[in-house]
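J.: Can you keep this structure in mind? I'll have questions shortly.
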Amino acid sequence: IFLPHEAGELKFDPGYNDVDRQRLLVIRVTAVAMYDQPTKQAFFKTVVDKLEPLGIRPQDVLICLTENAVFDWYAGRA
């Protein structure tokens, strides 16, 4: 799901976490809680590595991974 915003619509701290952000790209991921920390870190690295050739700096990417349980999902049938 892509949700574009107009310039200036989102307010963010360009120096949050001591990172020099110029153009913020927020990626929100919802997933079943089943992945360990190394797997999550590998996922984050893969995302920024694939975005960088498109001209998106890793410093401009903010990924929010939200986890929940299998029973929190409905995927078309009970």
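Lettering and numbering for the structure tokens are positional, with chains as A, B, ... in the shown order, residues counted from 1 in each chain, and ligands counted from 1 in the shown order.
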For Phe71 in chain A, please output as a ChimeraX atom specification all residues within 12 Å (counting only C-alpha atoms; exclusion window: fewer than 6 positions along the same chain).

T.: /A:31-33,78

J.: Let me see the file: selected residues, N, CA, C and O atoms, as a PDB file, in the first residue's frame.

T.:
```pdb
ATOM      1  N   ALA A  31       3.834  -8.123  10.423  1.00  0.00           N
ATOM      2  CA  ALA A  31       4.224  -9.518  10.242  1.00  0.00           C
ATOM      3  C   ALA A  31       3.858 -10.340  11.468  1.00  0.00           C
ATOM      4  O   ALA A  31       3.735  -9.814  12.574  1.00  0.00           O
ATOM      5  N   VAL A  32       3.720 -11.634  11.240  1.00  0.00           N
ATOM      6  CA  VAL A  32       3.496 -12.561  12.347  1.00  0.00           C
ATOM      7  C   VAL A  32       4.790 -12.636  13.165  1.00  0.00           C
ATOM      8  O   VAL A  32       5.890 -12.701  12.608  1.00  0.00           O
ATOM      9  N   ALA A  33       4.663 -12.608  14.479  1.00  0.00           N
ATOM     10  CA  ALA A  33       5.827 -12.657  15.374  1.00  0.00           C
ATOM     11  C   ALA A  33       6.440 -14.053  15.341  1.00  0.00           C
ATOM     12  O   ALA A  33       5.985 -14.964  16.018  1.00  0.00           O
ATOM     13  N   ALA A  78     -11.812 -18.635   7.147  1.00  0.00           N
ATOM     14  CA  ALA A  78     -11.658 -18.935   8.581  1.00  0.00           C
ATOM     15  C   ALA A  78     -11.018 -20.285   8.791  1.00  0.00           C
ATOM     16  O   ALA A  78     -11.009 -21.129   7.978  1.00  0.00           O
TER      17      ALA A  78
END
```

J.: Return as a ChimeraX atom specification the full set of residues in chain A whose backbone-based DSSP assignment is helix (DSSP H, G or I).

T.: /A:16-18,37-54,58-60,70-72

J.: Just how far from CA of Val47 in chain A is CA of Val29 in chain A, in Å to one decimal?

T.: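 Computing the Euclidean distance for CA of Val29 in chain A and CA of Val47 in chain A yields 11.5 Å.
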
J.: What separation in Å, quoted to one decimal, exists between CA of His5 in chain A and CA of Asn17 in chain A?

T.: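 Answer for the CA of His5 in chain A to CA of Asn17 in chain A separation: 22.9 Å.
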
J.: How close does range 12-35 of chain A get to range 54-69 of chain A? List, as a Markdown table, each residue of range 12-35 of chain A within 7 Å, its nearest atom pair and the distance in Å to one decimal, counting only C-alpha atoms.

T.:
```
| residue | atom | partner | partner_atom | distance |
| --- | --- | --- | --- | --- |
| A:Val19 | CA | A:Gln59 | CA | 6.2 |
| A:Asp20 | CA | A:Gln59 | CA | 6.4 |
| A:Arg21 | CA | A:Asp60 | CA | 4.9 |
| A:Gln22 | CA | A:Asp60 | CA | 6.3 |
| A:Arg23 | CA | A:Asp60 | CA | 5.6 |
| A:Leu24 | CA | A:Asp60 | CA | 4.8 |
| A:Leu25 | CA | A:Val61 | CA | 4.9 |
| A:Val26 | CA | A:Leu62 | CA | 4.8 |
| A:Ile27 | CA | A:Ile63 | CA | 4.7 |
| A:Arg28 | CA | A:Cys64 | CA | 4.8 |
| A:Val29 | CA | A:Leu65 | CA | 4.7 |
| A:Thr30 | CA | A:Thr66 | CA | 4.9 |
| A:Ala31 | CA | A:Glu67 | CA | 4.9 |
| A:Val32 | CA | A:Asn68 | CA | 5.1 |
| A:Ala33 | CA | A:Glu67 | CA | 4.9 |
```

J.: Any idea what the distance is between CA of Ala75 in chain A and CA of Thr39 in chain A?

T.: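 Separation between CA of Ala75 in chain A and CA of Thr39 in chain A: 23.8 Å.
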